[in-house]
>>> print(open('model.cif').read())   # mmCIF, C-alpha atoms
data_entry
#
loop_
_atom_site.label_atom_id
_atom_site.label_comp_id
_atom_site.auth_asym_id
_atom_site.auth_seq_id
_atom_site.Cartn_x
_atom_site.Cartn_y
_atom_site.Cartn_z
CA MET V 1 8.87 32.63 4.55
CA ARG V 2 9.31 28.87 4.43
CA GLN V 3 6.37 26.62 3.69
CA LEU V 4 6.28 24.59 6.90
CA PHE V 5 3.68 22.50 8.62
CA VAL V 6 2.60 23.94 11.96
CA PHE V 7 1.56 21.23 14.35
CA THR V 8 -1.97 21.58 15.68
CA VAL V 9 -3.97 19.22 17.82
CA ILE V 10 -6.27 17.08 15.68
CA PRO V 11 -9.72 16.17 17.03
CA LYS V 12 -9.84 12.56 18.18
CA ASP V 13 -13.57 12.07 18.21
CA ARG V 14 -15.63 8.93 17.53
CA MET V 15 -15.03 9.05 13.76
CA PHE V 16 -11.27 9.40 14.21
CA TYR V 17 -11.19 6.10 16.06
CA LYS V 18 -13.49 4.45 13.51
CA PHE V 19 -11.14 5.58 10.73
CA ALA V 20 -8.18 4.34 12.78
CA PHE V 21 -9.92 1.03 13.58
CA TYR V 22 -10.56 0.51 9.87
CA GLY V 23 -6.86 0.95 9.09
CA PHE V 24 -5.80 -1.29 11.98
CA LEU V 25 -8.10 -4.15 10.91
CA LYS V 26 -7.40 -3.70 7.19
CA ASN V 27 -3.71 -4.27 7.83
CA LEU V 28 -4.28 -7.51 9.72
CA ARG V 29 -3.42 -9.36 6.52
CA LEU V 30 -1.67 -12.23 8.20
CA PHE V 31 -0.41 -13.64 4.92
CA GLU V 32 1.55 -10.51 3.90
CA PRO V 33 4.82 -11.22 5.78
CA PHE V 34 4.87 -14.70 4.21
CA LEU V 35 3.18 -14.15 0.81
CA TYR V 36 6.22 -14.75 -1.38
CA LEU V 37 7.30 -17.69 0.77
CA PHE V 38 3.77 -19.12 0.40
CA PHE V 39 4.04 -18.82 -3.38
CA ARG V 40 7.51 -20.35 -3.43
CA ASP V 41 6.29 -23.18 -1.18
CA ALA V 42 3.52 -23.78 -3.74
CA GLY V 43 6.19 -24.26 -6.43
CA LEU V 44 5.94 -20.90 -8.23
CA SER V 45 8.95 -19.20 -9.84
CA TYR V 46 9.69 -15.51 -9.25
CA THR V 47 8.54 -14.81 -12.80
CA GLU V 48 5.16 -16.41 -12.02
CA ILE V 49 4.98 -14.49 -8.74
CA GLY V 50 5.75 -11.27 -10.61
CA ALA V 51 3.02 -12.13 -13.11
CA LEU V 52 0.50 -12.60 -10.29
CA ILE V 53 1.47 -9.30 -8.67
CA GLY V 54 1.31 -7.58 -12.06
CA LEU V 55 -2.11 -9.14 -12.72
CA ARG V 56 -3.35 -7.85 -9.37
CA GLU V 57 -2.11 -4.34 -10.07
CA ILE V 58 -3.37 -4.06 -13.66
CA SER V 59 -6.73 -5.66 -12.75
CA THR V 60 -7.18 -2.97 -10.11
CA THR V 61 -6.79 -0.31 -12.81
CA PHE V 62 -9.38 -1.87 -15.14
CA LEU V 63 -11.82 -2.44 -12.28
CA GLU V 64 -11.66 1.20 -11.12
CA ILE V 65 -14.41 2.29 -13.54
CA PRO V 66 -17.13 -0.30 -12.74
CA THR V 67 -16.44 0.02 -9.02
CA GLY V 68 -16.62 3.80 -9.41
CA VAL V 69 -20.05 3.42 -11.02
CA TYR V 70 -21.10 1.19 -8.12
CA ALA V 71 -20.01 3.87 -5.63
CA ASP V 72 -21.97 6.49 -7.59
CA ILE V 73 -25.13 4.40 -7.41
CA PHE V 74 -24.92 2.90 -3.94
CA GLY V 75 -22.51 5.19 -2.08
CA ARG V 76 -19.02 4.93 -0.62
CA ARG V 77 -20.03 2.85 2.39
CA LYS V 78 -21.49 0.02 0.30
CA SER V 79 -18.48 0.23 -1.98
CA MET V 80 -16.26 -0.38 1.06
CA LEU V 81 -18.44 -3.31 2.14
CA MET V 82 -18.09 -4.87 -1.31
CA SER V 83 -14.34 -4.42 -0.93
CA MET V 84 -14.25 -6.40 2.30
CA SER V 85 -16.42 -9.15 0.73
CA SER V 86 -14.14 -9.49 -2.32
CA TYR V 87 -11.08 -9.76 -0.09
CA MET V 88 -12.66 -12.53 2.00
CA ILE V 89 -13.53 -14.62 -1.08
CA SER V 90 -9.98 -14.16 -2.36
CA PHE V 91 -8.50 -15.34 0.95
CA SER V 92 -10.73 -18.42 0.85
CA ILE V 93 -9.41 -19.44 -2.59
CA PHE V 94 -5.79 -19.06 -1.48
CA PHE V 95 -6.55 -21.26 1.53
CA LEU V 96 -8.43 -23.97 -0.36
CA PHE V 97 -6.35 -24.37 -3.52
CA LYS V 98 -2.74 -24.65 -4.69
CA ASN V 99 -2.74 -23.83 -8.38
CA PHE V 100 -1.31 -20.90 -10.38
CA TRP V 101 -4.50 -20.27 -12.38
CA LEU V 102 -6.73 -20.37 -9.31
CA PHE V 103 -4.25 -18.04 -7.62
CA ALA V 104 -4.77 -15.75 -10.62
CA VAL V 105 -8.54 -15.79 -9.98
CA ALA V 106 -7.90 -15.00 -6.31
CA MET V 107 -5.62 -12.12 -7.34
CA ILE V 108 -8.35 -10.65 -9.56
CA LEU V 109 -10.80 -10.83 -6.65
CA TYR V 110 -8.17 -9.21 -4.46
CA ALA V 111 -7.80 -6.49 -7.10
CA LEU V 112 -11.58 -6.03 -7.05
CA GLY V 113 -11.36 -5.44 -3.31
CA ASP V 114 -8.60 -2.90 -3.89
CA ALA V 115 -10.59 -1.17 -6.65
CA TYR V 116 -13.65 -0.77 -4.41
CA ARG V 117 -11.44 0.58 -1.61
CA THR V 118 -8.62 2.57 -3.26
CA GLY V 119 -9.13 6.27 -2.80
CA THR V 120 -12.62 5.73 -1.39
CA HIS V 121 -11.67 5.69 2.28
CA LYS V 122 -9.28 8.64 1.86
CA ALA V 123 -12.12 10.53 0.15
CA MET V 124 -14.37 9.73 3.13
CA ILE V 125 -11.74 11.08 5.54
CA LEU V 126 -11.32 14.26 3.47
CA GLU V 127 -15.11 14.65 3.26
CA TYR V 128 -15.35 14.36 7.03
CA LEU V 129 -12.60 16.95 7.56
CA LYS V 130 -14.36 19.27 5.12
CA MET V 131 -17.65 18.83 7.02
CA LYS V 132 -15.86 19.67 10.26
CA GLY V 133 -14.04 22.67 8.74
CA ILE V 134 -10.58 21.28 9.53
CA LEU V 135 -9.39 20.34 6.03
CA LYS V 136 -6.16 22.28 6.63
CA LYS V 137 -5.14 19.55 9.10
CA LYS V 138 -5.31 16.83 6.45
CA VAL V 139 -1.61 15.83 6.53
CA GLU V 140 -1.56 15.49 10.32
CA TYR V 141 -4.99 13.81 10.47
CA TYR V 142 -4.29 11.34 7.66
CA GLY V 143 -0.82 10.64 9.06
CA ALA V 144 -2.33 9.95 12.50
CA THR V 145 -4.97 7.53 11.17
CA ARG V 146 -2.37 5.86 8.94
CA SER V 147 -0.17 5.28 11.98
CA TYR V 148 -2.87 2.95 13.34
CA SER V 149 -2.71 1.03 10.06
CA GLN V 150 1.01 0.51 10.61
CA LEU V 151 0.37 -0.51 14.21
CA GLY V 152 -2.02 -3.12 12.82
CA SER V 153 0.77 -4.33 10.55
CA ALA V 154 3.09 -4.66 13.56
CA VAL V 155 0.55 -6.79 15.44
CA ASN V 156 -0.09 -8.66 12.19
CA ALA V 157 3.57 -9.69 11.93
CA LEU V 158 3.59 -11.30 15.39
CA LEU V 159 0.28 -13.11 14.90
CA ALA V 160 1.34 -14.41 11.48
CA ALA V 161 4.68 -15.61 12.85
CA LEU V 162 2.95 -17.47 15.71
CA ILE V 163 0.57 -19.19 13.30
CA VAL V 164 3.38 -20.32 10.98
CA PHE V 165 5.59 -21.31 13.92
CA TYR V 166 3.00 -23.61 15.49
CA SER V 167 1.23 -24.87 12.36
CA GLY V 168 4.23 -25.12 10.02
CA ASN V 169 1.84 -24.20 7.20
CA TYR V 170 1.48 -20.89 5.37
CA ARG V 171 -2.07 -21.63 4.16
CA TYR V 172 -3.79 -21.24 7.54
CA ILE V 173 -2.91 -17.55 7.70
CA PHE V 174 -5.34 -16.88 4.81
CA LEU V 175 -8.17 -18.55 6.71
CA ILE V 176 -7.55 -16.62 9.93
CA THR V 177 -7.21 -13.32 8.03
CA ILE V 178 -10.93 -13.51 7.25
CA LEU V 179 -11.80 -12.81 10.92
CA PRO V 180 -10.53 -9.18 11.14
CA TYR V 181 -12.16 -8.47 7.78
CA ILE V 182 -15.50 -9.56 9.19
CA LEU V 183 -14.98 -7.07 12.04
CA ASN V 184 -14.06 -4.34 9.56
CA PHE V 185 -17.19 -5.10 7.55
CA ILE V 186 -19.19 -4.37 10.71
CA ASN V 187 -17.15 -1.21 11.44
CA LEU V 188 -17.67 0.20 7.93
CA ALA V 189 -21.38 -0.60 8.01
CA THR V 190 -21.75 1.86 10.93
CA TYR V 191 -20.14 4.85 9.13
CA PRO V 192 -22.56 7.84 8.84
CA LYS V 193 -24.40 8.19 5.53
CA GLU V 194 -23.09 11.76 5.17
CA LEU V 195 -19.78 10.27 4.03
CA ASP V 196 -21.40 8.49 1.06
CA GLY V 197 -20.97 11.38 -1.36
CA GLU V 198 -23.53 12.09 -4.07
CA ILE V 199 -25.66 9.03 -4.92
CA THR V 200 -27.51 8.66 -8.24
CA HIS V 201 -29.79 5.86 -6.86
CA HIS V 202 -30.13 4.16 -10.24
CA LEU V 203 -28.10 3.18 -13.29
CA LYS V 204 -28.85 5.64 -16.04
CA LYS V 205 -28.67 4.59 -19.68
CA GLY V 206 -25.14 5.02 -20.95
CA MET V 207 -23.81 5.69 -17.45
CA MET V 208 -20.94 3.25 -17.81
CA ARG V 209 -19.97 4.81 -21.12
CA GLU V 210 -20.14 8.28 -19.62
CA GLN V 211 -18.09 7.13 -16.63
CA ILE V 212 -15.40 5.82 -18.97
CA LYS V 213 -15.39 9.08 -20.93
CA SER V 214 -15.31 11.10 -17.71
CA THR V 215 -12.43 9.06 -16.33
CA LEU V 216 -10.48 9.45 -19.56
CA ARG V 217 -11.16 13.19 -19.55
CA ASP V 218 -9.98 13.46 -15.95
CA PHE V 219 -6.94 11.35 -16.76
CA VAL V 220 -5.97 13.54 -19.72
CA ALA V 221 -6.80 16.80 -17.90
CA MET V 222 -4.59 15.91 -14.94
CA PHE V 223 -1.62 15.46 -17.25
CA LYS V 224 -2.18 18.75 -19.06
CA SER V 225 -1.02 20.53 -15.93
CA LYS V 226 2.76 20.33 -15.52
CA LEU V 227 2.46 20.74 -11.74
CA VAL V 228 -0.14 17.98 -11.40
CA LEU V 229 1.78 15.67 -13.75
CA LYS V 230 4.94 15.97 -11.69
CA ALA V 231 3.07 15.57 -8.39
CA ILE V 232 1.33 12.38 -9.53
CA MET V 233 4.37 10.82 -11.22
CA ASN V 234 6.65 11.70 -8.30
CA SER V 235 4.26 9.95 -5.93
CA THR V 236 3.62 6.91 -8.11
CA ILE V 237 7.25 6.15 -9.03
CA PHE V 238 8.11 5.66 -5.36
CA SER V 239 4.86 3.84 -4.50
CA ALA V 240 5.06 1.54 -7.53
CA SER V 241 8.68 0.57 -6.85
CA TYR V 242 7.77 -0.04 -3.20
CA GLU V 243 4.80 -2.26 -4.11
CA ALA V 244 6.89 -4.26 -6.58
CA THR V 245 9.81 -4.87 -4.20
CA LYS V 246 8.56 -4.78 -0.60
CA ASP V 247 7.73 -8.49 -0.36
CA TYR V 248 11.22 -9.50 -1.49
CA LEU V 249 12.16 -8.73 2.10
CA GLN V 250 10.67 -12.16 2.91
CA PRO V 251 13.18 -14.33 0.98
CA VAL V 252 15.96 -12.01 2.20
CA LEU V 253 14.86 -12.64 5.81
CA LYS V 254 14.54 -16.36 5.14
CA THR V 255 18.14 -16.46 3.91
CA LEU V 256 19.22 -14.48 6.98
CA ALA V 257 17.28 -16.77 9.35
CA LEU V 258 18.84 -19.92 7.93
CA SER V 259 22.33 -18.41 8.09
CA LEU V 260 22.17 -17.43 11.78
CA PRO V 261 23.79 -19.88 14.22
CA ILE V 262 20.84 -19.66 16.62
CA PHE V 263 17.65 -21.65 17.22
CA LEU V 264 19.27 -24.61 15.50
CA PHE V 265 16.92 -26.97 17.33
CA LEU V 266 14.00 -25.49 15.35
CA SER V 267 12.98 -26.40 11.80
CA GLY V 268 13.90 -24.06 8.95
CA LYS V 269 10.32 -22.83 8.65
CA GLN V 270 10.10 -22.14 12.38
CA ARG V 271 13.39 -20.20 12.39
CA THR V 272 12.16 -18.19 9.42
CA ALA V 273 8.88 -17.46 11.24
CA VAL V 274 10.73 -16.17 14.31
CA VAL V 275 13.01 -13.84 12.33
CA ILE V 276 10.22 -12.55 10.06
CA GLY V 277 7.88 -12.00 13.01
CA VAL V 278 10.44 -9.99 15.01
CA VAL V 279 11.71 -7.94 12.05
CA TYR V 280 8.25 -7.11 10.70
CA PHE V 281 7.00 -6.20 14.19
CA ILE V 282 9.86 -3.72 14.68
CA LEU V 283 9.50 -2.52 11.09
CA TYR V 284 5.83 -1.62 11.44
CA LEU V 285 6.33 0.06 14.81
CA LEU V 286 8.86 2.27 13.02
CA THR V 287 6.52 2.94 10.10
CA SER V 288 3.67 3.75 12.49
CA TYR V 289 5.84 6.33 14.25
CA SER V 290 7.21 7.74 10.99
CA SER V 291 3.75 8.12 9.43
CA ARG V 292 2.47 9.99 12.48
CA ASN V 293 5.48 12.33 12.42
CA ALA V 294 5.84 12.93 8.67
CA TYR V 295 5.21 16.67 9.14
CA LYS V 296 8.31 16.88 11.38
CA ILE V 297 10.49 15.63 8.53
CA VAL V 298 9.09 18.38 6.31
CA ASN V 299 9.80 20.98 9.00
CA ARG V 300 13.37 19.70 9.40
CA ILE V 301 14.06 19.83 5.65
CA GLY V 302 12.20 23.14 5.40
CA ASN V 303 10.06 22.54 2.31
CA LEU V 304 7.41 19.97 1.33
CA GLY V 305 8.52 19.71 -2.31
CA ARG V 306 12.17 19.30 -1.33
CA ALA V 307 11.25 16.56 1.15
CA ILE V 308 9.29 14.68 -1.53
CA ASN V 309 12.12 14.92 -4.08
CA LEU V 310 14.79 13.87 -1.60
CA THR V 311 12.88 10.79 -0.42
CA LEU V 312 12.27 9.74 -4.03
CA LEU V 313 16.01 9.72 -4.69
CA LEU V 314 16.56 7.81 -1.46
CA ALA V 315 14.20 5.09 -2.71
CA GLY V 316 16.49 4.32 -5.65
CA ILE V 317 19.62 4.50 -3.48
CA PHE V 318 18.10 2.18 -0.84
CA LEU V 319 17.16 -0.41 -3.48
CA ILE V 320 20.64 -0.35 -4.99
CA PHE V 321 22.43 -0.87 -1.67
CA THR V 322 19.88 -3.44 -0.45
CA GLY V 323 20.51 -5.46 -3.58
CA ILE V 324 24.29 -5.10 -3.47
CA PHE V 325 24.55 -6.08 0.20
CA TYR V 326 22.30 -9.10 -0.35
CA HIS V 327 24.33 -10.15 -3.39
CA ILE V 328 27.63 -10.04 -1.47
CA ASN V 329 26.03 -11.84 1.50
CA LEU V 330 25.98 -8.89 3.93
CA LEU V 331 22.46 -9.92 4.85
CA LEU V 332 21.97 -7.86 8.02
CA LEU V 333 22.91 -4.62 6.24
CA SER V 334 20.56 -5.56 3.40
CA VAL V 335 17.69 -6.05 5.85
CA ILE V 336 18.39 -2.75 7.67
CA ILE V 337 18.28 -0.73 4.43
CA PHE V 338 15.16 -2.61 3.30
CA VAL V 339 13.50 -1.56 6.56
CA LEU V 340 14.48 2.06 5.84
CA LEU V 341 12.66 1.80 2.50
CA TYR V 342 9.48 0.81 4.37
CA VAL V 343 9.93 3.72 6.78
CA PHE V 344 10.42 6.31 4.04
CA HIS V 345 7.39 5.03 2.14
CA ASN V 346 5.22 5.77 5.18
CA ILE V 347 6.86 9.16 5.69
CA ARG V 348 6.17 10.04 2.07
CA ARG V 349 2.54 8.97 1.80
CA PRO V 350 1.01 11.74 3.98
CA MET V 351 3.35 14.21 2.23
CA ASN V 352 2.18 13.12 -1.22
CA VAL V 353 -1.51 13.21 -0.30
CA GLY V 354 -1.03 16.73 1.07
CA TYR V 355 1.01 17.95 -1.92
CA ILE V 356 -1.34 16.49 -4.55
CA SER V 357 -4.39 17.96 -2.79
CA ASP V 358 -2.70 21.38 -2.99
CA GLN V 359 -2.35 21.06 -6.77
CA ILE V 360 -5.88 19.84 -7.54
CA LYS V 361 -9.17 21.68 -7.05
CA SER V 362 -11.36 20.15 -4.35
CA ARG V 363 -14.22 19.39 -6.76
CA VAL V 364 -11.98 17.00 -8.73
CA MET V 365 -10.06 15.68 -5.72
CA ALA V 366 -11.53 12.17 -6.02
CA SER V 367 -10.59 12.06 -9.72
CA GLY V 368 -7.07 13.23 -8.91
CA LEU V 369 -6.53 10.55 -6.29
CA SER V 370 -8.07 7.99 -8.65
CA VAL V 371 -5.71 8.98 -11.47
CA GLU V 372 -2.76 8.72 -9.07
CA SER V 373 -3.91 5.24 -8.06
CA GLN V 374 -4.31 4.13 -11.68
CA VAL V 375 -0.86 5.35 -12.70
CA LYS V 376 0.64 3.63 -9.64
CA THR V 377 -0.96 0.28 -10.47
CA ILE V 378 0.24 0.43 -14.08
CA LEU V 379 3.81 1.22 -13.02
CA ALA V 380 3.70 -1.34 -10.19
CA SER V 381 2.59 -4.09 -12.57
CA ILE V 382 5.48 -3.27 -14.93
CA PHE V 383 8.00 -3.15 -12.08
CA ALA V 384 6.65 -6.40 -10.57
CA VAL V 385 7.04 -8.35 -13.82
CA LEU V 386 10.54 -6.93 -14.35
CA MET V 387 11.53 -7.81 -10.76
CA GLY V 388 10.30 -11.38 -11.16
CA PHE V 389 12.17 -11.83 -14.44
CA PHE V 390 15.38 -10.28 -13.09
CA ALA V 391 15.16 -12.31 -9.85
CA ASP V 392 14.89 -15.61 -11.75
CA TYR V 393 17.74 -14.84 -14.14
CA PHE V 394 20.12 -12.69 -12.08
CA GLY V 395 19.13 -13.32 -8.47
CA ILE V 396 17.19 -11.17 -6.00
CA GLY V 397 20.14 -8.90 -5.14
CA ILE V 398 20.91 -7.87 -8.72
CA ALA V 399 17.18 -7.49 -9.44
CA LEU V 400 16.74 -5.01 -6.57
CA ALA V 401 19.84 -3.05 -7.60
CA LEU V 402 18.72 -2.87 -11.25
CA LEU V 403 15.31 -1.49 -10.27
CA GLY V 404 17.01 1.05 -8.00
CA VAL V 405 19.12 2.28 -10.94
CA MET V 406 15.94 2.60 -13.03
CA ILE V 407 14.33 4.76 -10.32
CA LEU V 408 17.31 7.12 -10.23
CA ILE V 409 17.25 7.46 -14.03
CA ILE V 410 13.52 8.15 -14.50
CA SER V 411 12.92 10.31 -11.39
CA PRO V 412 14.60 13.70 -12.08
CA PRO V 413 12.13 14.89 -14.78
CA PHE V 414 9.35 14.49 -12.20
CA PHE V 415 10.83 16.45 -9.33
CA VAL V 416 8.15 18.77 -7.93
CA GLU V 417 8.59 22.48 -7.30
CA GLU V 418 10.31 23.51 -4.08
CA LYS V 419 8.56 26.77 -3.33
CA ASP V 420 9.39 28.83 -0.23
#
>>> encode(input="model.cif", output="structure tokens")
Amino acid sequence: MRQLFVFTVIPKDRMFYKFAFYGFLKNLRLFEPFLYLFFRDAGLSYTEIGALIGLREISTTFLEIPTGVYADIFGRRKSMLMSMSSYMISFSIFFLFKNFWLFAVAMILYALGDAYRTGTHKAMILEYLKMKGILKKKVEYYGATRSYSQLGSAVNALLAALIVFYSGNYRYIFLITILPYILNFINLATYPKELDGEITHHLKKGMMREQIKSTLRDFVAMFKSKLVLKAIMNSTIFSASYEATKDYLQPVLKTLALSLPIFLFLSGKQRTAVVIGVVYFILYLLTSYSSRNAYKIVNRIGNLGRAINLTLLLAGIFLIFTGIFYHINLLLLSVIIFVLLYVFHNIRRPMNVGYISDQIKSRVMASGLSVESQVKTILASIFAVLMGFFADYFGIGIALALLGVMILIISPPFFVEEKD
């Protein structure tokens, strides 16, 4: 009998909409569709941009332990509130200054926000489903809440484009991004205390040292299991390559916008804003739909493991053809395939969360998701630095194609089992 997902109606109660509202507001990061263009406008090279992205990713890994201790002492809700606060300070620095080293400080604060948040909100959702006795619906439930995140990204693209179009300045989008994060701070503050997890209430002597040892033990233990190793690496290779390359869509769209014989009465920045706003809006509507319907892809392919393996291969293929088409100036085809990469990332994420949770015992679920996040950030930082270096020396197209080839080479040993 095939291992298929059977669609069941998920409960859309008050907490479902609070989870969904969190994702919607979190993804109102108005700077994201223009982040690389903002950095380029500030005079940074792609190597420097890659270094900043790598710094953000690796800082997140190192900050996982102290933020984990904070969550143990004060609970998941306060950890999420600290996340929102760190993000808002980071946005303020990007708005106020225009310097690589201050950008590096802002990136570390951004990483701190990620470290407080990464895995924590998913753990709260899984805790809630466990409390309600509907943990078996985790793929559908998580996919449904994630679809609201992608809807937020779609709205985000239009708002960001309007701001850049009328202001002609990328910096203002960081200032305005603070507003939805204030609303999310309020939303998270009203989560029920039952989702906090176990709280120690005070910092015991040697707790940090024990947390480090515990994390290292969990890290090593996860990789002693061949099934868990493959599940984590399969997930992180795709996610890391996506994180390292997704924002290169921005310079690709800028090149496309300036090459189109339309809106010639507008400035170059305004034409770029229009094209980026429209493309990102359509892109995130597609990713919202795909995330919500990930289980249908599994049903069509007939096996969760097979679906995960196939989409990992497609990631490398998409990057190769995106890069080739950009290099030979077939810009529209390059953009279309880039959009497909976004779509498949959002199809895969609910699949990966479901598959990993099937390989790890529930009592170490948080550790498993944390290990996955740490491996992803390490790989993403490596890929980001490589992409920046390749983009400066060979051009964006060749850089994307080279990373795609790397994905195809390193992926096969980490294909997961395709059990019927």
>>> atom_distance(input="model.cif", atom1="atom CA of V:Lys136", atom2="atom CA of V:Ile237")
26.2 Å
>>> residues_around(input="model.cif", residues="V:Phe263", least_positions_apart="4", cutoff="12 Å", atoms="all atoms listed in the file", output="list in words")
Ala257, Leu258, Ser259, Ser267, Gly268, Lys269, Gln270, Arg271, Thr272, Ala273, Val274 and Val275 of chain V
>>> write_last_selection(input="model.cif", atoms="C-alpha atoms", output="PDB file, in the frame of the given file")
ATOM      1  CA  ALA V 257      17.280 -16.770   9.350  1.00  0.00           C
ATOM      2  CA  LEU V 258      18.840 -19.920   7.930  1.00  0.00           C
ATOM      3  CA  SER V 259      22.330 -18.410   8.090  1.00  0.00           C
ATOM      4  CA  SER V 267      12.980 -26.400  11.800  1.00  0.00           C
ATOM      5  CA  GLY V 268      13.900 -24.060   8.950  1.00  0.00           C
ATOM      6  CA  LYS V 269      10.320 -22.830   8.650  1.00  0.00           C
ATOM      7  CA  GLN V 270      10.100 -22.140  12.380  1.00  0.00           C
ATOM      8  CA  ARG V 271      13.390 -20.200  12.390  1.00  0.00           C
ATOM      9  CA  THR V 272      12.160 -18.190   9.420  1.00  0.00           C
ATOM     10  CA  ALA V 273       8.880 -17.460  11.240  1.00  0.00           C
ATOM     11  CA  VAL V 274      10.730 -16.170  14.310  1.00  0.00           C
ATOM     12  CA  VAL V 275      13.010 -13.840  12.330  1.00  0.00           C
TER      13      VAL V 275
END
>>> resolve_selection(input="model.cif", expression="the PyMOL selection byres ((chain V and resi 316) around 6)", output="ChimeraX atom specification")
/V:313-315,317-319,404,407-408
>>> axis_aligned_box(input="model.cif", around="stretch 385-397 of chain V", padding_each_side="4 Å", output="AutoDock Vina command-line options")
--center_x 13.6 --center_y -11.3 --center_z -9.8 --size_x 21.1 --size_y 16.7 --size_z 17.3
>>> resolve_selection(input="model.cif", expression="the PyMOL selection byres ((chain V and resi 231) around 12)", output="PDB file with C-alpha atoms, keeping the file's coordinate frame")
ATOM      1  CA  MET V 222      -4.590  15.910 -14.940  1.00  0.00           C
ATOM      2  CA  PHE V 223      -1.620  15.460 -17.250  1.00  0.00           C
ATOM      3  CA  SER V 225      -1.020  20.530 -15.930  1.00  0.00           C
ATOM      4  CA  LYS V 226       2.760  20.330 -15.520  1.00  0.00           C
ATOM      5  CA  LEU V 227       2.460  20.740 -11.740  1.00  0.00           C
ATOM      6  CA  VAL V 228      -0.140  17.980 -11.400  1.00  0.00           C
ATOM      7  CA  LEU V 229       1.780  15.670 -13.750  1.00  0.00           C
ATOM      8  CA  LYS V 230       4.940  15.970 -11.690  1.00  0.00           C
ATOM      9  CA  ILE V 232       1.330  12.380  -9.530  1.00  0.00           C
ATOM     10  CA  MET V 233       4.370  10.820 -11.220  1.00  0.00           C
ATOM     11  CA  ASN V 234       6.650  11.700  -8.300  1.00  0.00           C
ATOM     12  CA  SER V 235       4.260   9.950  -5.930  1.00  0.00           C
ATOM     13  CA  THR V 236       3.620   6.910  -8.110  1.00  0.00           C
ATOM     14  CA  ILE V 237       7.250   6.150  -9.030  1.00  0.00           C
ATOM     15  CA  PHE V 238       8.110   5.660  -5.360  1.00  0.00           C
ATOM     16  CA  LEU V 304       7.410  19.970   1.330  1.00  0.00           C
ATOM     17  CA  GLY V 305       8.520  19.710  -2.310  1.00  0.00           C
ATOM     18  CA  ILE V 308       9.290  14.680  -1.530  1.00  0.00           C
ATOM     19  CA  ASN V 309      12.120  14.920  -4.080  1.00  0.00           C
ATOM     20  CA  LEU V 312      12.270   9.740  -4.030  1.00  0.00           C
ATOM     21  CA  MET V 351       3.350  14.210   2.230  1.00  0.00           C
ATOM     22  CA  ASN V 352       2.180  13.120  -1.220  1.00  0.00           C
ATOM     23  CA  VAL V 353      -1.510  13.210  -0.300  1.00  0.00           C
ATOM     24  CA  GLY V 354      -1.030  16.730   1.070  1.00  0.00           C
ATOM     25  CA  TYR V 355       1.010  17.950  -1.920  1.00  0.00           C
ATOM     26  CA  ILE V 356      -1.340  16.490  -4.550  1.00  0.00           C
ATOM     27  CA  SER V 357      -4.390  17.960  -2.790  1.00  0.00           C
ATOM     28  CA  ASP V 358      -2.700  21.380  -2.990  1.00  0.00           C
ATOM     29  CA  GLN V 359      -2.350  21.060  -6.770  1.00  0.00           C
ATOM     30  CA  ILE V 360      -5.880  19.840  -7.540  1.00  0.00           C
ATOM     31  CA  GLY V 368      -7.070  13.230  -8.910  1.00  0.00           C
ATOM     32  CA  LEU V 369      -6.530  10.550  -6.290  1.00  0.00           C
ATOM     33  CA  VAL V 371      -5.710   8.980 -11.470  1.00  0.00           C
ATOM     34  CA  GLU V 372      -2.760   8.720  -9.070  1.00  0.00           C
ATOM     35  CA  VAL V 375      -0.860   5.350 -12.700  1.00  0.00           C
ATOM     36  CA  SER V 411      12.920  10.310 -11.390  1.00  0.00           C
ATOM     37  CA  PRO V 413      12.130  14.890 -14.780  1.00  0.00           C
ATOM     38  CA  PHE V 414       9.350  14.490 -12.200  1.00  0.00           C
ATOM     39  CA  PHE V 415      10.830  16.450  -9.330  1.00  0.00           C
ATOM     40  CA  VAL V 416       8.150  18.770  -7.930  1.00  0.00           C
ATOM     41  CA  GLU V 417       8.590  22.480  -7.300  1.00  0.00           C
ATOM     42  CA  GLU V 418      10.310  23.510  -4.080  1.00  0.00           C
TER      43      GLU V 418
END
>>> resolve_selection(input="model.cif", expression="the PyMOL selection byres ((chain V and resi 400) around 12)", output="ChimeraX atom specification")
/V:241-242,244-249,252,315-327,334,337-338,383-384,386-392,394-399,401-407
>>> atom_distance(input="model.cif", atom1="atom CA of V:Ala307", atom2="atom CA of V:Val343")
14.1 Å
>>> residues_near_point(input="model.cif", point="(-0.2, -18.2, 3.6)", cutoff="10 Å", atoms="all atoms listed in the file", output="compact mmCIF listing (two decimals) with C-alpha atoms, in the coordinates of the input")
# COMPACT_ATOMS: atom_id res chain seq x y z
CA ARG V 29 -3.42 -9.36 6.52
CA LEU V 30 -1.67 -12.23 8.20
CA PHE V 31 -0.41 -13.64 4.92
CA GLU V 32 1.55 -10.51 3.90
CA PRO V 33 4.82 -11.22 5.78
CA PHE V 34 4.87 -14.70 4.21
CA LEU V 35 3.18 -14.15 0.81
CA TYR V 36 6.22 -14.75 -1.38
CA LEU V 37 7.30 -17.69 0.77
CA PHE V 38 3.77 -19.12 0.40
CA PHE V 39 4.04 -18.82 -3.38
CA ASP V 41 6.29 -23.18 -1.18
CA ALA V 42 3.52 -23.78 -3.74
CA PHE V 91 -8.50 -15.34 0.95
CA PHE V 94 -5.79 -19.06 -1.48
CA PHE V 95 -6.55 -21.26 1.53
CA ALA V 160 1.34 -14.41 11.48
CA ILE V 163 0.57 -19.19 13.30
CA VAL V 164 3.38 -20.32 10.98
CA ASN V 169 1.84 -24.20 7.20
CA TYR V 170 1.48 -20.89 5.37
CA ARG V 171 -2.07 -21.63 4.16
CA TYR V 172 -3.79 -21.24 7.54
CA ILE V 173 -2.91 -17.55 7.70
CA PHE V 174 -5.34 -16.88 4.81
CA LEU V 175 -8.17 -18.55 6.71
CA ILE V 176 -7.55 -16.62 9.93
CA THR V 177 -7.21 -13.32 8.03
